[in-house]
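Undergrad: Hey, dropping my_file_32.tsv in here, TSV, C-alpha atoms:
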chain	number	residue	atom	x	y	z
A	82	MET	CA	0.00	0.00	0.00
A	83	LEU	CA	1.27	3.41	-0.88
A	84	PRO	CA	2.09	5.69	2.05
A	85	LEU	CA	-0.44	8.44	2.71
A	86	VAL	CA	1.72	11.09	1.05
A	87	ASP	CA	2.07	8.98	-2.08
A	88	ALA	CA	-1.70	8.44	-2.16
A	89	GLY	CA	-2.24	12.21	-1.98
A	90	VAL	CA	0.24	12.89	-4.78
A	91	ALA	CA	-1.34	10.16	-6.89
A	92	ALA	CA	-4.76	11.73	-6.30
A	93	VAL	CA	-3.44	15.05	-7.62
A	94	LEU	CA	-2.03	13.30	-10.70
A	95	TRP	CA	-5.16	11.35	-11.56
A	96	GLY	CA	-7.50	14.17	-10.59
A	97	SER	CA	-5.68	16.57	-12.93
A	98	LEU	CA	-5.74	14.00	-15.72
A	99	LEU	CA	-9.47	13.45	-15.22
A	100	LEU	CA	-10.20	17.19	-15.42
A	101	VAL	CA	-8.22	17.53	-18.66
A	102	ALA	CA	-9.96	14.47	-20.08
A	103	HIS	CA	-13.32	15.92	-19.04
A	104	THR	CA	-12.93	19.22	-20.87
A	105	TYR	CA	-11.46	17.71	-24.05
A	106	VAL	CA	-13.17	14.30	-24.29
A	107	LEU	CA	-15.84	13.48	-21.72
A	108	PHE	CA	-17.79	16.73	-21.90
A	109	PRO	CA	-18.12	16.69	-25.72
A	110	LEU	CA	-19.32	13.08	-25.57
A	111	LEU	CA	-21.84	13.86	-22.82
A	112	LEU	CA	-23.06	16.96	-24.63
A	113	ALA	CA	-23.58	15.05	-27.86
A	114	ARG	CA	-25.63	12.49	-25.95
A	115	LEU	CA	-27.79	15.14	-24.25
A	116	ALA	CA	-28.36	17.03	-27.52
A	117	ARG	CA	-29.41	13.95	-29.48
A	118	GLY	CA	-32.96	14.31	-30.78
A	119	ARG	CA	-33.41	17.87	-29.51
A	120	LYS	CA	-34.30	20.78	-31.78
A	121	GLN	CA	-33.12	24.36	-31.98
A	122	ASN	CA	-35.50	27.22	-31.17
A	123	GLN	CA	-38.50	27.03	-33.53
A	124	GLN	CA	-40.07	30.41	-32.75
A	125	VAL	CA	-38.55	32.34	-35.66
A	126	TYR	CA	-39.32	35.07	-38.19
A	127	GLN	CA	-40.00	33.91	-41.73
A	128	PRO	CA	-37.81	35.37	-44.53
A	129	ALA	CA	-40.54	37.66	-45.91
A	130	ASP	CA	-41.96	38.64	-42.52
A	131	PRO	CA	-42.62	42.41	-42.51
A	132	GLU	CA	-41.88	42.41	-38.77
A	133	LEU	CA	-38.23	41.48	-39.25
A	134	PRO	CA	-36.40	43.88	-36.90
A	135	ARG	CA	-33.97	46.62	-37.83
A	136	VAL	CA	-30.35	45.57	-37.55
A	137	ASP	CA	-27.22	47.61	-36.91
A	138	ILE	CA	-23.92	45.95	-37.84
A	139	LEU	CA	-20.85	47.03	-35.86
A	140	LEU	CA	-17.27	46.59	-37.07
A	141	ALA	CA	-13.98	47.85	-35.62
A	142	VAL	CA	-11.04	47.79	-38.04
A	143	TYR	CA	-7.33	48.54	-38.02
A	144	ASN	CA	-5.23	48.35	-41.19
A	145	GLU	CA	-7.58	46.03	-43.08
A	146	GLU	CA	-7.04	47.31	-46.63
A	147	GLN	CA	-6.66	43.76	-47.95
A	148	VAL	CA	-10.14	42.65	-46.94
A	149	ILE	CA	-12.33	45.67	-46.14
A	150	GLU	CA	-13.85	46.09	-49.61
A	151	GLU	CA	-14.84	42.42	-49.84
A	152	LYS	CA	-16.17	42.62	-46.29
A	153	ILE	CA	-18.47	45.54	-47.09
A	154	ARG	CA	-19.68	44.15	-50.40
A	155	SER	CA	-20.38	40.69	-48.95
A	156	THR	CA	-22.32	42.26	-46.10
A	157	PHE	CA	-24.66	44.19	-48.38
A	158	ALA	CA	-25.05	41.25	-50.80
A	159	THR	CA	-27.76	39.96	-48.51
A	160	THR	CA	-31.33	38.73	-48.68
A	161	TYR	CA	-32.12	40.78	-45.56
A	162	PRO	CA	-34.11	43.95	-46.33
A	163	LEU	CA	-31.55	46.69	-46.97
A	164	ASP	CA	-33.90	49.35	-45.66
A	165	LYS	CA	-33.62	47.67	-42.25
A	166	LEU	CA	-29.81	47.59	-42.21
A	167	THR	CA	-27.20	50.10	-41.08
A	168	PHE	CA	-23.51	49.21	-41.14
A	169	TYR	CA	-21.32	51.15	-38.66
A	170	ILE	CA	-17.56	50.94	-39.15
A	171	GLY	CA	-15.02	52.50	-36.82
A	172	SER	CA	-11.39	52.68	-37.94
A	173	ASP	CA	-8.95	52.60	-35.03
A	174	ASN	CA	-6.49	55.11	-36.52
A	175	SER	CA	-5.67	52.89	-39.50
A	176	GLN	CA	-2.46	53.88	-41.28
A	177	ASP	CA	-2.97	52.07	-44.60
A	178	GLN	CA	-5.66	52.59	-47.26
A	179	THR	CA	-8.51	51.28	-45.08
A	180	ASN	CA	-10.09	54.70	-44.46
A	181	ALA	CA	-9.89	55.73	-48.12
A	182	LEU	CA	-11.52	52.49	-49.27
A	183	ILE	CA	-14.37	52.80	-46.77
A	184	THR	CA	-14.95	56.46	-47.66
A	185	ARG	CA	-15.20	55.56	-51.35
A	186	LEU	CA	-17.70	52.77	-50.65
A	187	CYS	CA	-19.90	55.10	-48.57
A	188	ALA	CA	-21.02	56.66	-51.82
A	189	ALA	CA	-22.19	53.29	-53.13
A	190	TYR	CA	-23.88	52.15	-49.93
A	191	PRO	CA	-26.01	54.80	-48.18
A	192	GLN	CA	-26.53	52.39	-45.25
A	193	LEU	CA	-22.80	52.60	-44.47
A	194	GLN	CA	-21.81	54.88	-41.58
A	195	PHE	CA	-18.08	55.50	-41.14
A	196	ARG	CA	-16.33	56.88	-38.07
A	197	PRO	CA	-12.52	57.28	-38.22
A	198	PHE	CA	-10.67	57.47	-34.91
A	199	HIS	CA	-7.52	59.59	-34.89
A	200	GLN	CA	-5.70	57.76	-32.11
A	201	ARG	CA	-5.51	54.09	-31.12
A	202	THR	CA	-8.44	53.22	-28.89
A	203	GLY	CA	-8.65	49.44	-28.91
A	204	LYS	CA	-11.48	47.32	-30.26
A	205	PRO	CA	-13.71	47.47	-27.12
A	206	GLY	CA	-13.48	51.26	-27.12
A	207	VAL	CA	-14.38	51.51	-30.81
A	208	ILE	CA	-17.32	49.12	-30.44
A	209	GLU	CA	-18.58	51.00	-27.38
A	210	VAL	CA	-18.72	54.26	-29.37
A	211	LEU	CA	-20.42	52.59	-32.34
A	212	SER	CA	-22.99	50.83	-30.16
A	213	ALA	CA	-23.89	54.16	-28.54
A	214	GLU	CA	-24.64	55.59	-32.00
A	215	ALA	CA	-26.64	52.52	-33.12
A	216	THR	CA	-30.38	52.46	-32.45
A	217	ALA	CA	-31.68	49.15	-33.85
A	218	PRO	CA	-33.15	46.49	-31.51
A	219	VAL	CA	-30.68	43.91	-32.85
A	220	LEU	CA	-26.92	44.41	-33.13
A	221	VAL	CA	-24.61	42.25	-35.24
A	222	LEU	CA	-20.91	42.32	-34.35
A	223	THR	CA	-18.39	41.07	-36.86
A	224	ASP	CA	-14.72	41.12	-37.94
A	225	ALA	CA	-13.20	42.46	-41.12
A	226	ASN	CA	-11.95	39.08	-42.35
A	227	VAL	CA	-15.30	37.29	-41.82
A	228	PHE	CA	-17.39	37.27	-44.98
A	229	PHE	CA	-21.16	36.78	-44.92
A	230	THR	CA	-23.19	34.66	-47.29
A	231	PRO	CA	-26.48	36.14	-48.58
A	232	ASP	CA	-28.59	34.44	-45.88
A	233	THR	CA	-26.24	34.95	-42.92
A	234	LEU	CA	-28.03	37.96	-41.48
A	235	TYR	CA	-31.49	36.44	-41.80
A	236	HIS	CA	-30.48	33.24	-40.01
A	237	LEU	CA	-28.84	35.25	-37.24
A	238	VAL	CA	-31.82	37.52	-36.71
A	239	LYS	CA	-34.73	35.11	-37.22
A	240	HIS	CA	-34.46	33.75	-33.66
A	241	PHE	CA	-35.19	37.10	-32.03
A	242	ARG	CA	-38.88	36.53	-32.52
A	243	ASN	CA	-38.48	34.42	-29.37
A	244	PRO	CA	-38.23	36.96	-26.51
A	245	ARG	CA	-36.07	34.58	-24.46
A	246	ILE	CA	-33.27	34.61	-27.04
A	247	GLY	CA	-30.61	37.20	-26.26
A	248	GLN	CA	-27.76	36.15	-28.54
A	249	VAL	CA	-27.28	34.11	-31.70
A	250	GLY	CA	-23.84	33.01	-32.89
A	251	GLY	CA	-22.84	32.44	-36.50
A	252	ASN	CA	-21.35	29.31	-38.02
A	253	ILE	CA	-17.89	30.38	-39.13
A	254	LEU	CA	-16.33	28.06	-41.70
A	255	ASN	CA	-12.81	28.13	-43.08
A	256	PRO	CA	-12.57	27.95	-46.88
A	257	ASP	CA	-8.87	27.14	-47.05
A	258	SER	CA	-6.33	25.05	-45.16
A	259	ARG	CA	-2.82	23.86	-45.92
A	260	HIS	CA	-0.78	20.86	-44.94
A	261	THR	CA	2.39	22.90	-44.38
A	262	GLY	CA	1.28	24.93	-41.34
A	263	ILE	CA	-1.36	24.80	-38.60
A	264	SER	CA	-4.39	25.93	-40.61
A	265	GLY	CA	-5.72	22.36	-40.79
A	266	GLN	CA	-5.58	22.07	-37.01
A	267	GLU	CA	-7.23	25.49	-36.56
A	268	LYS	CA	-9.97	24.53	-39.02
A	269	ALA	CA	-10.67	21.28	-37.15
A	270	TYR	CA	-10.72	23.15	-33.84
A	271	LEU	CA	-13.22	25.75	-35.09
A	272	GLU	CA	-15.53	23.12	-36.60
A	273	ARG	CA	-15.56	21.24	-33.29
A	274	GLU	CA	-16.21	24.46	-31.38
A	275	ASN	CA	-19.13	25.35	-33.65
A	276	LEU	CA	-20.74	22.00	-32.90
A	277	LEU	CA	-20.17	22.30	-29.13
A	278	LYS	CA	-21.69	25.78	-29.06
A	279	TYR	CA	-24.70	24.57	-31.05
A	280	GLN	CA	-25.25	21.64	-28.70
A	281	GLU	CA	-24.93	23.85	-25.62
A	282	GLY	CA	-27.64	26.09	-27.04
A	283	VAL	CA	-29.92	23.13	-27.76
A	284	VAL	CA	-29.47	21.55	-24.32
A	285	TRP	CA	-29.31	24.55	-21.97
A	286	GLY	CA	-29.84	27.66	-24.11
A	287	ALA	CA	-26.34	28.53	-22.95
A	288	MET	CA	-23.79	28.79	-25.72
A	289	ILE	CA	-20.58	29.64	-23.85
A	290	GLY	CA	-19.17	32.46	-25.90
A	291	ALA	CA	-20.07	33.23	-29.50
A	292	PHE	CA	-17.27	33.52	-32.03
A	293	GLY	CA	-16.44	37.22	-32.10
A	294	GLY	CA	-16.31	37.27	-35.88
A	295	CYS	CA	-20.07	36.93	-36.29
A	296	PHE	CA	-22.89	37.10	-33.77
A	297	ALA	CA	-26.15	38.95	-33.14
A	298	VAL	CA	-27.30	40.26	-29.77
A	299	ARG	CA	-30.54	41.77	-28.55
A	300	ARG	CA	-29.99	45.41	-27.56
A	301	ALA	CA	-32.02	44.91	-24.36
A	302	CYS	CA	-29.31	42.60	-22.99
A	303	TYR	CA	-26.29	44.11	-24.72
A	304	TYR	CA	-23.57	45.37	-22.40
A	305	PRO	CA	-20.34	46.63	-24.00
A	306	ALA	CA	-17.13	45.34	-22.49
A	307	PRO	CA	-15.13	47.72	-20.32
A	308	SER	CA	-12.46	49.54	-22.31
A	309	SER	CA	-9.76	47.68	-20.35
A	310	PHE	CA	-11.06	44.27	-21.49
A	311	ILE	CA	-9.31	42.51	-24.36
A	312	VAL	CA	-11.90	39.87	-25.35
A	313	ASP	CA	-15.04	41.96	-25.71
A	314	ASP	CA	-17.11	39.33	-27.54
A	315	PHE	CA	-16.87	36.87	-24.64
A	316	PHE	CA	-17.85	39.60	-22.18
A	317	ILE	CA	-20.93	40.40	-24.27
A	318	SER	CA	-21.85	36.70	-24.49
A	319	MET	CA	-21.58	36.08	-20.76
A	320	ALA	CA	-23.48	39.27	-19.93
A	321	VAL	CA	-26.39	37.88	-21.96
A	322	LEU	CA	-26.42	34.69	-19.87
A	323	GLN	CA	-25.99	36.60	-16.64
A	324	GLU	CA	-29.10	38.63	-17.50
A	325	GLY	CA	-31.09	35.40	-17.80
A	326	TYR	CA	-31.45	35.35	-21.59
A	327	GLN	CA	-30.64	32.37	-23.78
A	328	ALA	CA	-27.68	32.21	-26.16
A	329	ILE	CA	-27.66	29.81	-29.10
A	330	ASN	CA	-25.58	29.00	-32.17
A	331	GLU	CA	-27.24	28.92	-35.59
A	332	LEU	CA	-25.48	26.52	-37.96
A	333	GLU	CA	-27.32	27.95	-40.99
A	334	ALA	CA	-25.86	31.43	-40.35
A	335	ILE	CA	-22.82	30.54	-42.43
A	336	CYS	CA	-19.91	32.90	-42.96
A	337	HIS	CA	-16.30	32.37	-43.96
A	338	GLU	CA	-13.06	33.34	-42.26
A	339	ASP	CA	-9.44	32.95	-43.24
A	340	VAL	CA	-7.44	30.96	-40.71
A	341	SER	CA	-3.87	31.46	-39.61
A	342	ASP	CA	-1.25	29.10	-41.02
A	343	LYS	CA	1.68	30.36	-38.95
A	344	LEU	CA	2.25	29.01	-35.46
A	345	PRO	CA	3.91	32.22	-34.15
A	346	GLU	CA	0.95	34.32	-35.37
A	347	GLU	CA	-1.60	32.00	-33.83
A	348	PHE	CA	0.44	31.80	-30.62
A	349	ARG	CA	0.40	35.61	-30.37
A	350	ARG	CA	-3.35	35.72	-30.94
A	351	LYS	CA	-4.10	32.91	-28.48
A	352	ALA	CA	-1.93	34.48	-25.78
A	353	ARG	CA	-3.76	37.76	-26.18
A	354	ILE	CA	-7.15	36.03	-26.03
A	355	SER	CA	-6.01	34.07	-22.99
A	356	THR	CA	-5.29	37.29	-21.11
A	357	GLY	CA	-8.81	38.47	-21.88
A	358	ASN	CA	-10.29	35.11	-20.87
A	359	PHE	CA	-8.96	35.48	-17.34
A	360	GLN	CA	-10.35	39.01	-17.18
A	361	ASN	CA	-13.76	37.57	-18.02
A	362	LEU	CA	-13.33	34.67	-15.58
A	363	VAL	CA	-13.09	37.19	-12.74
A	364	ALA	CA	-15.89	39.38	-14.09
A	365	PHE	CA	-18.36	36.48	-14.43
A	366	ARG	CA	-17.33	34.37	-11.43
A	367	ARG	CA	-20.98	34.37	-10.27
A	368	LEU	CA	-21.85	32.13	-13.22
A	369	LEU	CA	-19.52	29.42	-11.87
A	370	TRP	CA	-21.86	28.47	-9.03
A	371	PRO	CA	-23.67	26.21	-8.42
A	372	PRO	CA	-21.58	24.01	-10.75
A	373	TRP	CA	-24.42	21.57	-11.48
A	374	ARG	CA	-26.63	24.30	-13.02
A	375	GLY	CA	-26.69	24.06	-16.82
A	376	VAL	CA	-24.96	27.38	-17.53
A	377	SER	CA	-22.36	26.83	-14.81
A	378	PHE	CA	-21.66	23.22	-15.81
A	379	ALA	CA	-21.14	24.25	-19.44
A	380	TYR	CA	-18.95	27.19	-18.41
A	381	TRP	CA	-16.71	25.01	-16.23
A	382	SER	CA	-16.58	22.13	-18.70
A	383	HIS	CA	-16.19	24.00	-21.99
A	384	LYS	CA	-14.08	26.99	-21.01
A	385	VAL	CA	-12.73	27.26	-17.47
A	386	LEU	CA	-11.12	23.83	-17.28
A	387	ARG	CA	-9.64	24.36	-20.73
A	388	TRP	CA	-8.13	27.67	-19.62
A	389	LEU	CA	-6.71	25.90	-16.56
A	390	THR	CA	-5.31	22.96	-18.55
A	391	PRO	CA	-1.73	24.36	-18.62
A	392	LEU	CA	-1.72	24.43	-14.81
A	393	LEU	CA	-3.23	20.95	-14.69
A	394	LEU	CA	-0.52	19.67	-17.04
A	395	VAL	CA	2.14	21.16	-14.76
A	396	LEU	CA	0.49	19.54	-11.72
A	397	MET	CA	0.44	16.20	-13.52
A	398	LEU	CA	4.12	16.48	-14.39
A	399	LEU	CA	5.22	17.51	-10.90
A	400	SER	CA	3.12	14.89	-9.11
A	401	ASN	CA	4.30	12.18	-11.48
A	402	LEU	CA	7.91	13.22	-10.95
A	403	ILE	CA	7.46	13.06	-7.16
A	404	LEU	CA	6.00	9.57	-7.40
A	405	VAL	CA	8.88	8.34	-9.56
A	406	LEU	CA	11.46	9.86	-7.21
A	407	ARG	CA	9.72	8.08	-4.33
A	408	GLY	CA	10.12	4.75	-6.06
A	409	ALA	CA	6.86	4.35	-7.97
A	410	GLY	CA	6.71	1.43	-10.41
A	411	TRP	CA	7.23	1.15	-14.15
A	412	PHE	CA	3.77	2.48	-15.05
A	413	TYR	CA	4.44	5.88	-13.50
A	414	GLN	CA	7.95	5.90	-14.98
A	415	LEU	CA	6.50	5.29	-18.44
A	416	MET	CA	3.83	7.93	-17.82
A	417	LEU	CA	6.49	10.48	-16.86
A	418	ALA	CA	8.51	9.68	-19.95
A	419	GLY	CA	5.46	10.34	-22.08
A	420	GLN	CA	4.78	13.67	-20.38
A	421	VAL	CA	8.35	14.79	-20.96
A	422	ALA	CA	8.51	13.53	-24.54
A	423	ALA	CA	5.19	15.01	-25.76
A	424	PRO	CA	6.19	18.70	-25.45
A	425	ALA	CA	9.61	17.84	-26.92
A	426	LEU	CA	7.77	16.88	-30.11
A	427	LEU	CA	7.54	20.64	-30.76
A	428	LEU	CA	11.24	20.59	-31.57
A	429	LEU	CA	10.86	17.54	-33.81
A	430	ASP	CA	7.92	19.09	-35.66
A	431	SER	CA	9.86	22.32	-36.15
A	432	ALA	CA	12.87	20.43	-37.56
A	433	LEU	CA	10.67	18.41	-39.93
A	434	HIS	CA	8.86	21.57	-40.99
A	435	ARG	CA	12.17	23.07	-42.12
A	436	LEU	CA	12.71	19.92	-44.20
A	437	ASN	CA	9.20	20.34	-45.69
A	438	VAL	CA	8.03	17.14	-43.99
A	439	HIS	CA	4.58	17.31	-42.41
A	440	PHE	CA	2.78	14.74	-40.25
A	441	ARG	CA	-0.84	15.62	-39.45
A	442	LEU	CA	-1.01	13.71	-36.13
A	443	LEU	CA	2.29	15.19	-34.97
A	444	ARG	CA	1.03	18.67	-35.88
A	445	PHE	CA	-2.09	18.15	-33.73
A	446	ILE	CA	0.06	17.20	-30.72
A	447	THR	CA	2.39	20.16	-31.12
A	448	HIS	CA	-0.57	22.47	-31.72
A	449	PHE	CA	-2.12	21.31	-28.43
A	450	TYR	CA	1.01	22.01	-26.41
A	451	SER	CA	1.85	25.30	-28.11
A	452	MET	CA	-1.67	26.63	-27.56
A	453	ASN	CA	-1.54	25.60	-23.90
A	454	MET	CA	1.74	27.46	-23.61
A	455	ALA	CA	-0.04	30.48	-25.06
A	456	LEU	CA	-2.71	30.10	-22.35
A	457	LEU	CA	0.03	30.09	-19.73
A	458	VAL	CA	1.58	33.24	-21.22
A	459	GLY	CA	-1.84	34.89	-21.21
A	460	LEU	CA	-2.36	34.01	-17.55
A	461	TRP	CA	1.01	35.53	-16.65
A	462	ARG	CA	0.16	38.75	-18.51
A	463	PHE	CA	-3.21	38.90	-16.75
A	464	LEU	CA	-1.55	38.53	-13.36
A	465	LYS	CA	0.90	41.32	-14.22
A	466	GLY	CA	-1.97	43.60	-15.30
A	467	VAL	CA	-3.33	44.50	-18.73
A	468	LYS	CA	-1.50	47.52	-20.14
A	469	THR	CA	-3.30	48.06	-23.45
A	470	THR	CA	-6.20	46.75	-25.53
A	471	VAL	CA	-4.97	47.91	-28.93
A	472	TRP	CA	-4.39	45.11	-31.40
A	473	GLU	CA	-2.71	44.13	-34.64
A	474	PRO	CA	-4.65	42.05	-37.20
A	475	THR	CA	-3.56	38.41	-37.34
A	476	GLN	CA	-1.74	37.51	-40.56
A	477	ARG	CA	-3.95	35.07	-42.39
A	478	PHE	CA	-4.50	34.30	-46.09
A	479	GLN	CA	-5.87	37.68	-47.20
A	480	HIS	CA	-2.95	38.39	-49.51
A	481	LYS	CA	-3.65	35.03	-51.22
A	482	ARG	CA	-7.34	35.61	-51.89
Hey, can you dump this file as structure tokens for me?
TA:
Amino acid sequence: MLPLVDAGVAAVLWGSLLLVAHTYVLFPLLLARLARGRKQNQQVYQPADPELPRVDILLAVYNEEQVIEEKIRSTFATTYPLDKLTFYIGSDNSQDQTNALITRLCAAYPQLQFRPFHQRTGKPGVIEVLSAEATAPVLVLTDANVFFTPDTLYHLVKHFRNPRIGQVGGNILNPDSRHTGISGQEKAYLERENLLKYQEGVVWGAMIGAFGGCFAVRRACYYPAPSSFIVDDFFISMAVLQEGYQAINELEAICHEDVSDKLPEEFRRKARISTGNFQNLVAFRRLLWPPWRGVSFAYWSHKVLRWLTPLLLVLMLLSNLILVLRGAGWFYQLMLAGQVAAPALLLLDSALHRLNVHFRLLRFITHFYSMNMALLVGLWRFLKGVKTTVWEPTQRFQHKR
């Protein structure tokens, strides 16, 4: 029998492993089982319904000359009544041709309202100003590199006929991926996330965080993120749930987004998002309890445990190391070897990448560990204090379009 101290250390090891397994494996399986046979909200507006509400679209941009024209044209190429649309764009002191392109398109689209900012404000600050100018009962927030299909807006807005619905997320798909970088892994991640968010909405009416690139929110439960917050879309999503409204994901509200193919770029983006996630974790700590409530269970399972996974991995490594040093058997020795070797695969993958050799399974493993390192970096930045919310657009495939 293991001594009491060894039993405690083993409990930490296996408890940490179980929590990681829960957020990445067990929760998705349970959610799929609970969602089976259930239907999405059926109280919707019909496409030709004269009572379709007015919609204001809000977009903050910074140096988006490569995509802004396509973004605007795809937004207005819609089946939604144009006389019920207004598109507000705020440029966060862009230094390229973004402002000139938007100004030129204002002449072609009278529903387009442009506000240039003459100093860097940060996305939350820009959105807060735009939302104060908007007057429609439904707001749609989007990103410059997310392109709508003709029916996207209708499928986002149709659910607001149900007064319990406060937010509807879009189904963001990725049109391109490559075997040479991480775009395939990012595409698989986003597709899985779309499904999880849809199932959460079906089961509990509690989608845990819409994708910031495309979602609609009822003005009555819209609260802009504080200017010091980095991830404003998650703040808006959780505020909807905290107000007692439902949040769902609509898989027919299809739009397309370029994905990153460069690990350093995606690492930078994930680290920044991670910092904002921990800001939101503190802000919405009331939603964590009681943990068996639908919203709370989904929040813990889908997001919080995932954000804490880097710390759980460290706990697993340290507890396993202690057990081995105290004479644990071959199983724990083998387990420790695996924990040490898995992150080292980052170096192997990098070396093979330089030789233009790419293994999909290896790339998934290295992607998992690199993104968890980004979460750890984000946590450290949060603990040090957020200094700025200004941002640089992630390099994606725009120049290849």
Undergrad: How many Å separate CA of Leu398 (chain A) from CA of Arg366 (chain A)?
TA: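 For CA of Leu398 (chain A) relative to CA of Arg366 (chain A), the distance reads 28.1 Å.
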Undergrad: If you measure from CA of Ser382 (chain A) to CA of Trp370 (chain A), what distance in Å do you get, rounded to one decimal?
TA: 12.7 Å
Undergrad: Measuring atom to atom with all atoms listed in the file, identify which of A:Trp373, A:Trp461, A:Phe348, A:Phe296 is nearest to Phe229 (chain A).
TA: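 So, comparing all the options, the nearest one is A:Phe296.
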Undergrad: Which polymer residues have any atom within 7 Å of an atom of Met288 (chain A), counting only C-alpha atoms, with same-chain residues fewer than 4 positions away left out, as a JSON list (two decimals) with C-alpha atoms, in the coordinates of the input?
TA:
[["chain", "number", "residue", "atom", "x", "y", "z"],
["A", 278, "LYS", "CA", -21.69, 25.78, -29.06],
["A", 279, "TYR", "CA", -24.70, 24.57, -31.05],
["A", 281, "GLU", "CA", -24.93, 23.85, -25.62],
["A", 282, "GLY", "CA", -27.64, 26.09, -27.04],
["A", 328, "ALA", "CA", -27.68, 32.21, -26.16],
["A", 329, "ILE", "CA", -27.66, 29.81, -29.10],
["A", 330, "ASN", "CA", -25.58, 29.00, -32.17]]
Undergrad: Counting only C-alpha atoms, figure out which residue out of A:Ala158, A:Leu254, A:Val298, A:Leu211 gets nearest to Pro231 (chain A).
TA: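 Closest to Pro231 (chain A) of all the choices is A:Ala158.
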Undergrad: Which residue is closest to Ile149 (chain A)? Choose from A:Arg185, A:Arg117, A:Arg201, A:Arg300 and count all atoms listed in the file.
TA: A:Arg185
Undergrad: Taking into account all atoms listed in the file, which residue in the set A:Pro391, A:Gly294, A:Pro305, A:Gly325 is nearest to Lys152 (chain A)?
TA: A:Gly294
Undergrad: Nearest residue to Met397 (chain A) out of A:Val93, A:Met452, A:Ala88, A:Ala352, using only C-alpha atoms?
TA: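 Going through A:Val93, A:Met452, A:Ala88, A:Ala352 one by one, the smallest distance to Met397 (chain A) is for A:Val93.
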Undergrad: Smallest atom-to-atom distance to Tyr161 (chain A): which of A:Asn252, A:Asn453, A:Asn243, A:Thr233, using all atoms listed in the file?
TA: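 That would be A:Thr233, the residue with the smallest distance to Tyr161 (chain A).
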Undergrad: One decimal, in Å: what's the spacing between CA of Gly293 (chain A) and CA of Asp314 (chain A)?
TA: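 Value for the CA of Gly293 (chain A)-CA of Asp314 (chain A) distance: 5.1 Å.
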Undergrad: Neighbours of Tyr450 (chain A) within 9 Å (all atoms listed in the file; same-chain residues fewer than 4 positions away dropped), as a ChimeraX atom specification?
TA: /A:391,423-424,427,445-446,454-455
